[in-house]
$ cat upload_32.pdb   # PDB, C-alpha atoms, pLDDT in the B column
MODEL        1
ATOM      1  CA  MET A 174      89.774  -5.211-133.220  1.00 42.00           C
ATOM      2  CA  SER A 175      87.382  -6.965-130.872  1.00 54.00           C
ATOM      3  CA  ASN A 176      87.171  -6.111-127.175  1.00 58.00           C
ATOM      4  CA  CYS A 177      86.159  -9.687-126.372  1.00 65.00           C
ATOM      5  CA  PRO A 178      89.537 -10.989-125.060  1.00 76.00           C
ATOM      6  CA  ARG A 179      90.017  -7.885-122.907  1.00 78.00           C
ATOM      7  CA  ARG A 180      86.476  -8.115-121.531  1.00 82.00           C
ATOM      8  CA  GLN A 181      86.897 -11.807-120.764  1.00 82.00           C
ATOM      9  CA  ARG A 182      90.168 -11.113-118.928  1.00 80.00           C
ATOM     10  CA  GLN A 183      88.476  -8.384-116.867  1.00 80.00           C
ATOM     11  CA  ALA A 184      85.506 -10.584-115.930  1.00 82.00           C
ATOM     12  CA  LEU A 185      85.306 -12.472-112.643  1.00 83.00           C
ATOM     13  CA  ALA A 186      84.395 -15.669-114.489  1.00 86.00           C
ATOM     14  CA  THR A 187      83.938 -17.322-117.835  1.00 88.00           C
ATOM     15  CA  VAL A 188      80.832 -19.482-118.074  1.00 91.00           C
ATOM     16  CA  ALA A 189      81.352 -22.084-120.791  1.00 90.00           C
ATOM     17  CA  LEU A 190      78.109 -23.554-122.119  1.00 91.00           C
ATOM     18  CA  LEU A 191      79.010 -27.057-123.294  1.00 90.00           C
ATOM     19  CA  SER A 192      76.973 -29.375-125.481  1.00 87.00           C
ATOM     20  CA  ALA A 193      77.421 -31.994-128.174  1.00 83.00           C
ATOM     21  CA  SER A 194      78.343 -29.114-130.535  1.00 82.00           C
ATOM     22  CA  THR A 195      81.296 -27.885-128.461  1.00 79.00           C
ATOM     23  CA  GLU A 196      83.870 -29.914-130.389  1.00 78.00           C
ATOM     24  CA  ALA A 197      83.058 -27.989-133.573  1.00 78.00           C
ATOM     25  CA  ALA A 198      82.859 -24.562-131.906  1.00 81.00           C
ATOM     26  CA  TYR A 199      86.301 -23.066-132.601  1.00 78.00           C
ATOM     27  CA  TYR A 200      85.759 -19.731-130.860  1.00 84.00           C
ATOM     28  CA  LEU A 201      84.255 -21.377-127.789  1.00 84.00           C
ATOM     29  CA  ARG A 202      87.328 -23.597-127.496  1.00 83.00           C
ATOM     30  CA  GLU A 203      89.521 -20.488-127.795  1.00 86.00           C
ATOM     31  CA  GLU A 204      87.577 -18.760-124.995  1.00 87.00           C
ATOM     32  CA  ILE A 205      87.884 -21.879-122.825  1.00 87.00           C
ATOM     33  CA  ALA A 206      91.650 -21.973-123.407  1.00 88.00           C
ATOM     34  CA  SER A 207      91.874 -18.281-122.474  1.00 88.00           C
ATOM     35  CA  ALA A 208      89.794 -18.817-119.326  1.00 89.00           C
ATOM     36  CA  ILE A 209      92.044 -21.715-118.284  1.00 88.00           C
ATOM     37  CA  ALA A 210      95.083 -19.463-118.717  1.00 89.00           C
ATOM     38  CA  TYR A 211      93.475 -16.597-116.762  1.00 87.00           C
ATOM     39  CA  GLN A 212      92.511 -18.913-113.920  1.00 86.00           C
ATOM     40  CA  ARG A 213      95.984 -20.488-113.784  1.00 86.00           C
ATOM     41  CA  HIS A 214      97.627 -17.061-113.764  1.00 85.00           C
ATOM     42  CA  GLU A 215      95.280 -15.464-111.214  1.00 83.00           C
ATOM     43  CA  PRO A 216      93.123 -18.136-109.540  1.00 80.00           C
ATOM     44  CA  ASP A 217      91.615 -15.661-107.067  1.00 80.00           C
ATOM     45  CA  THR A 218      90.365 -13.241-109.721  1.00 80.00           C
ATOM     46  CA  HIS A 219      89.035 -15.410-112.557  1.00 84.00           C
ATOM     47  CA  ARG A 220      87.052 -18.640-112.530  1.00 86.00           C
ATOM     48  CA  LEU A 221      86.098 -20.994-115.345  1.00 89.00           C
ATOM     49  CA  ILE A 222      82.650 -22.501-114.823  1.00 91.00           C
ATOM     50  CA  PRO A 223      81.563 -25.223-117.243  1.00 93.00           C
ATOM     51  CA  VAL A 224      77.812 -25.720-117.692  1.00 94.00           C
ATOM     52  CA  TYR A 225      76.888 -28.990-119.395  1.00 94.00           C
ATOM     53  CA  LEU A 226      73.646 -28.335-121.234  1.00 94.00           C
ATOM     54  CA  ASP A 227      73.101 -32.007-122.150  1.00 92.00           C
ATOM     55  CA  GLY A 228      74.326 -33.351-118.789  1.00 92.00           C
ATOM     56  CA  VAL A 229      77.866 -34.211-117.719  1.00 89.00           C
ATOM     57  CA  PRO A 230      79.253 -36.785-120.168  1.00 87.00           C
ATOM     58  CA  LYS A 231      79.548 -40.286-118.709  1.00 87.00           C
ATOM     59  CA  ASN A 232      82.617 -40.939-120.873  1.00 85.00           C
ATOM     60  CA  PRO A 233      85.552 -38.776-119.677  1.00 82.00           C
ATOM     61  CA  ALA A 234      86.904 -38.724-123.249  1.00 80.00           C
ATOM     62  CA  GLN A 235      83.901 -36.564-124.205  1.00 80.00           C
ATOM     63  CA  ILE A 236      84.799 -33.876-121.675  1.00 83.00           C
ATOM     64  CA  PRO A 237      86.639 -30.990-123.384  1.00 79.00           C
ATOM     65  CA  TYR A 238      90.290 -30.371-122.560  1.00 76.00           C
ATOM     66  CA  GLY A 239      90.741 -28.560-119.254  1.00 78.00           C
ATOM     67  CA  MET A 240      87.212 -29.283-118.002  1.00 79.00           C
ATOM     68  CA  ARG A 241      87.853 -32.547-116.124  1.00 75.00           C
ATOM     69  CA  VAL A 242      89.201 -30.848-113.024  1.00 68.00           C
ATOM     70  CA  ARG A 243      86.612 -28.062-112.861  1.00 72.00           C
ATOM     71  CA  HIS A 244      83.546 -27.907-110.689  1.00 80.00           C
ATOM     72  CA  ALA A 245      80.833 -28.113-113.322  1.00 90.00           C
ATOM     73  CA  LEU A 246      77.116 -27.441-113.380  1.00 94.00           C
ATOM     74  CA  ASP A 247      74.792 -30.010-114.914  1.00 94.00           C
ATOM     75  CA  ALA A 248      71.890 -28.199-116.582  1.00 96.00           C
ATOM     76  CA  ALA A 249      70.125 -31.476-117.352  1.00 95.00           C
ATOM     77  CA  ARG A 250      69.993 -32.230-113.622  1.00 95.00           C
ATOM     78  CA  LEU A 251      69.642 -28.724-112.149  1.00 96.00           C
ATOM     79  CA  GLY A 252      67.527 -27.081-114.849  1.00 96.00           C
ATOM     80  CA  MET A 253      68.338 -23.586-116.014  1.00 95.00           C
ATOM     81  CA  VAL A 254      66.813 -22.025-112.894  1.00 97.00           C
ATOM     82  CA  GLY A 255      69.129 -24.176-110.763  1.00 97.00           C
ATOM     83  CA  VAL A 256      72.127 -23.274-112.923  1.00 96.00           C
ATOM     84  CA  ALA A 257      71.265 -19.581-112.570  1.00 96.00           C
ATOM     85  CA  ALA A 258      71.031 -19.933-108.785  1.00 96.00           C
ATOM     86  CA  GLU A 259      74.426 -21.664-108.624  1.00 94.00           C
ATOM     87  CA  LEU A 260      76.016 -19.028-110.868  1.00 92.00           C
ATOM     88  CA  LYS A 261      74.602 -16.304-108.643  1.00 92.00           C
ATOM     89  CA  LYS A 262      76.237 -17.953-105.610  1.00 91.00           C
ATOM     90  CA  VAL A 263      79.586 -18.122-107.411  1.00 85.00           C
ATOM     91  CA  ALA A 264      79.315 -14.507-108.591  1.00 85.00           C
ATOM     92  CA  THR A 265      78.535 -13.347-105.074  1.00 86.00           C
ATOM     93  CA  ALA A 266      81.521 -15.241-103.656  1.00 85.00           C
ATOM     94  CA  LEU A 267      83.879 -13.900-106.345  1.00 79.00           C
ATOM     95  CA  ALA A 268      82.722 -10.304-105.860  1.00 76.00           C
ATOM     96  CA  ILE A 269      83.686 -10.306-102.172  1.00 66.00           C
TER      97      ILE A 269
ENDMDL
END

$ encode --input "upload_32.pdb" --output "structure tokens"
Amino acid sequence: MSNCPRRQRQALATVALLSASTEAAYYLREEIASAIAYQRHEPDTHRLIPVYLDGVPKNPAQIPYGMRVRHALDAARLGMVGVAAELKKVATALAI
């Protein structure tokens, strides 16, 4: 049995890397659904952070379920160095 669900639940955050391939990525969608549940259950101890690799979709219908109300990072705009810096800020804030 995999430790993945337990590890995700224990983590301070789930970083979901989203792209045009997300729709077909069954396990990613499962992890997103789990992260949404963890954040709803304990909003102070788990955060879901979407990172749009191809940029935030202009059409809201292309945003995966549960991602519309999340503060997201736009890798196309920030670059990966910018995304890493933002994730470091979030991790620091969550660890306090």

$ closest_residue --input "upload_32.pdb" --among "A:Ile222, A:Ala208, A:Ala193, A:Leu267" --to "Arg243 in chain A" --atoms "only C-alpha atoms"
A:Ile222

$ residues_around --input "upload_32.pdb" --residues "Val224 in chain A" --least-positions-apart "6" --cutoff "6 Å" --atoms "all atoms listed in the file" --output "PyMOL selection string"
chain A and resi 189-191+245-247

$ residues_around --input "upload_32.pdb" --residues "Thr195 in chain A" --least-positions-apart "5" --cutoff "12 Å" --atoms "only C-alpha atoms" --output "list in words"
Ala189, Leu190, Tyr200, Leu201, Arg202, Glu203, Glu204, Ile205, Pro223, Val224, Tyr225, Leu226, Asp227, Gln235, Ile236, Pro237 and Tyr238 of chain A

$ atom_distance --input "upload_32.pdb" --atom1 "CA of Arg179 in chain A" --atom2 "CA of Arg213 in chain A"
16.7 Å

$ closest_residue --input "upload_32.pdb" --among "A:Gly228, A:Pro216, A:Thr187, A:Pro178" --to "Leu251 in chain A" --atoms "only C-alpha atoms"
A:Gly228

$ closest_residue --input "upload_32.pdb" --among "A:Ala197, A:Ser192, A:Ala186, A:Pro233" --to "Leu260 in chain A" --atoms "all atoms listed in the file"
A:Ala186

$ decode --input "upload_32.pdb" --residues "range 198-259 of chain A" --atoms "C-alpha atoms" --output "PDB file, in the first residue's frame"
ATOM      1  CA  ALA A 198      -4.124  13.067 -15.370  1.00  0.00           C
ATOM      2  CA  TYR A 199      -6.324  10.858 -13.167  1.00  0.00           C
ATOM      3  CA  TYR A 200      -3.976  10.628 -10.186  1.00  0.00           C
ATOM      4  CA  LEU A 201      -3.300  14.362 -10.204  1.00  0.00           C
ATOM      5  CA  ARG A 202      -7.043  15.022 -10.077  1.00  0.00           C
ATOM      6  CA  GLU A 203      -7.306  12.584  -7.152  1.00  0.00           C
ATOM      7  CA  GLU A 204      -4.518  14.412  -5.285  1.00  0.00           C
ATOM      8  CA  ILE A 205      -6.224  17.754  -5.960  1.00  0.00           C
ATOM      9  CA  ALA A 206      -9.519  16.402  -4.600  1.00  0.00           C
ATOM     10  CA  SER A 207      -7.703  15.138  -1.492  1.00  0.00           C
ATOM     11  CA  ALA A 208      -5.952  18.486  -0.995  1.00  0.00           C
ATOM     12  CA  ILE A 209      -9.287  20.316  -1.269  1.00  0.00           C
ATOM     13  CA  ALA A 210     -10.727  18.017   1.401  1.00  0.00           C
ATOM     14  CA  TYR A 211      -7.702  18.473   3.695  1.00  0.00           C
ATOM     15  CA  GLN A 212      -7.854  22.245   3.350  1.00  0.00           C
ATOM     16  CA  ARG A 213     -11.612  22.335   4.003  1.00  0.00           C
ATOM     17  CA  HIS A 214     -11.216  20.121   7.068  1.00  0.00           C
ATOM     18  CA  GLU A 215      -8.175  21.917   8.515  1.00  0.00           C
ATOM     19  CA  PRO A 216      -7.598  25.227   6.697  1.00  0.00           C
ATOM     20  CA  ASP A 217      -4.819  26.286   9.077  1.00  0.00           C
ATOM     21  CA  THR A 218      -2.718  23.158   8.565  1.00  0.00           C
ATOM     22  CA  HIS A 219      -2.959  22.344   4.851  1.00  0.00           C
ATOM     23  CA  ARG A 220      -2.961  24.573   1.786  1.00  0.00           C
ATOM     24  CA  LEU A 221      -3.618  23.782  -1.864  1.00  0.00           C
ATOM     25  CA  ILE A 222      -1.434  25.858  -4.177  1.00  0.00           C
ATOM     26  CA  PRO A 223      -2.136  25.614  -7.905  1.00  0.00           C
ATOM     27  CA  VAL A 224       0.750  26.442 -10.251  1.00  0.00           C
ATOM     28  CA  TYR A 225      -0.317  27.031 -13.851  1.00  0.00           C
ATOM     29  CA  LEU A 226       2.622  25.994 -15.999  1.00  0.00           C
ATOM     30  CA  ASP A 227       1.090  27.340 -19.233  1.00  0.00           C
ATOM     31  CA  GLY A 228      -0.368  30.474 -17.605  1.00  0.00           C
ATOM     32  CA  VAL A 229      -3.732  30.924 -15.901  1.00  0.00           C
ATOM     33  CA  PRO A 230      -6.459  29.967 -18.390  1.00  0.00           C
ATOM     34  CA  LYS A 231      -8.415  32.938 -19.739  1.00  0.00           C
ATOM     35  CA  ASN A 232     -11.542  30.776 -19.995  1.00  0.00           C
ATOM     36  CA  PRO A 233     -12.803  29.868 -16.487  1.00  0.00           C
ATOM     37  CA  ALA A 234     -14.223  26.613 -17.894  1.00  0.00           C
ATOM     38  CA  GLN A 235     -10.628  25.432 -18.413  1.00  0.00           C
ATOM     39  CA  ILE A 236      -9.774  25.829 -14.732  1.00  0.00           C
ATOM     40  CA  PRO A 237      -9.972  22.455 -12.940  1.00  0.00           C
ATOM     41  CA  TYR A 238     -12.678  21.892 -10.341  1.00  0.00           C
ATOM     42  CA  GLY A 239     -11.837  23.494  -7.005  1.00  0.00           C
ATOM     43  CA  MET A 240      -9.114  25.764  -8.411  1.00  0.00           C
ATOM     44  CA  ARG A 241     -11.204  28.864  -9.196  1.00  0.00           C
ATOM     45  CA  VAL A 242     -11.200  30.138  -5.634  1.00  0.00           C
ATOM     46  CA  ARG A 243      -7.535  29.427  -4.893  1.00  0.00           C
ATOM     47  CA  HIS A 244      -4.669  31.861  -4.962  1.00  0.00           C
ATOM     48  CA  ALA A 245      -2.695  30.508  -7.897  1.00  0.00           C
ATOM     49  CA  LEU A 246       0.805  31.022  -9.220  1.00  0.00           C
ATOM     50  CA  ASP A 247       1.307  31.720 -12.911  1.00  0.00           C
ATOM     51  CA  ALA A 248       4.575  30.123 -14.028  1.00  0.00           C
ATOM     52  CA  ALA A 249       4.297  31.679 -17.485  1.00  0.00           C
ATOM     53  CA  ARG A 250       4.330  35.133 -15.885  1.00  0.00           C
ATOM     54  CA  LEU A 251       6.582  34.547 -12.857  1.00  0.00           C
ATOM     55  CA  GLY A 252       9.008  32.010 -14.318  1.00  0.00           C
ATOM     56  CA  MET A 253      10.046  29.006 -12.285  1.00  0.00           C
ATOM     57  CA  VAL A 254      12.418  31.079 -10.146  1.00  0.00           C
ATOM     58  CA  GLY A 255       9.508  33.378  -9.260  1.00  0.00           C
ATOM     59  CA  VAL A 256       7.253  30.407  -8.510  1.00  0.00           C
ATOM     60  CA  ALA A 257       9.943  28.941  -6.247  1.00  0.00           C
ATOM     61  CA  ALA A 258      10.276  32.252  -4.394  1.00  0.00           C
ATOM     62  CA  GLU A 259       6.504  32.465  -3.867  1.00  0.00           C
TER      63      GLU A 259
END
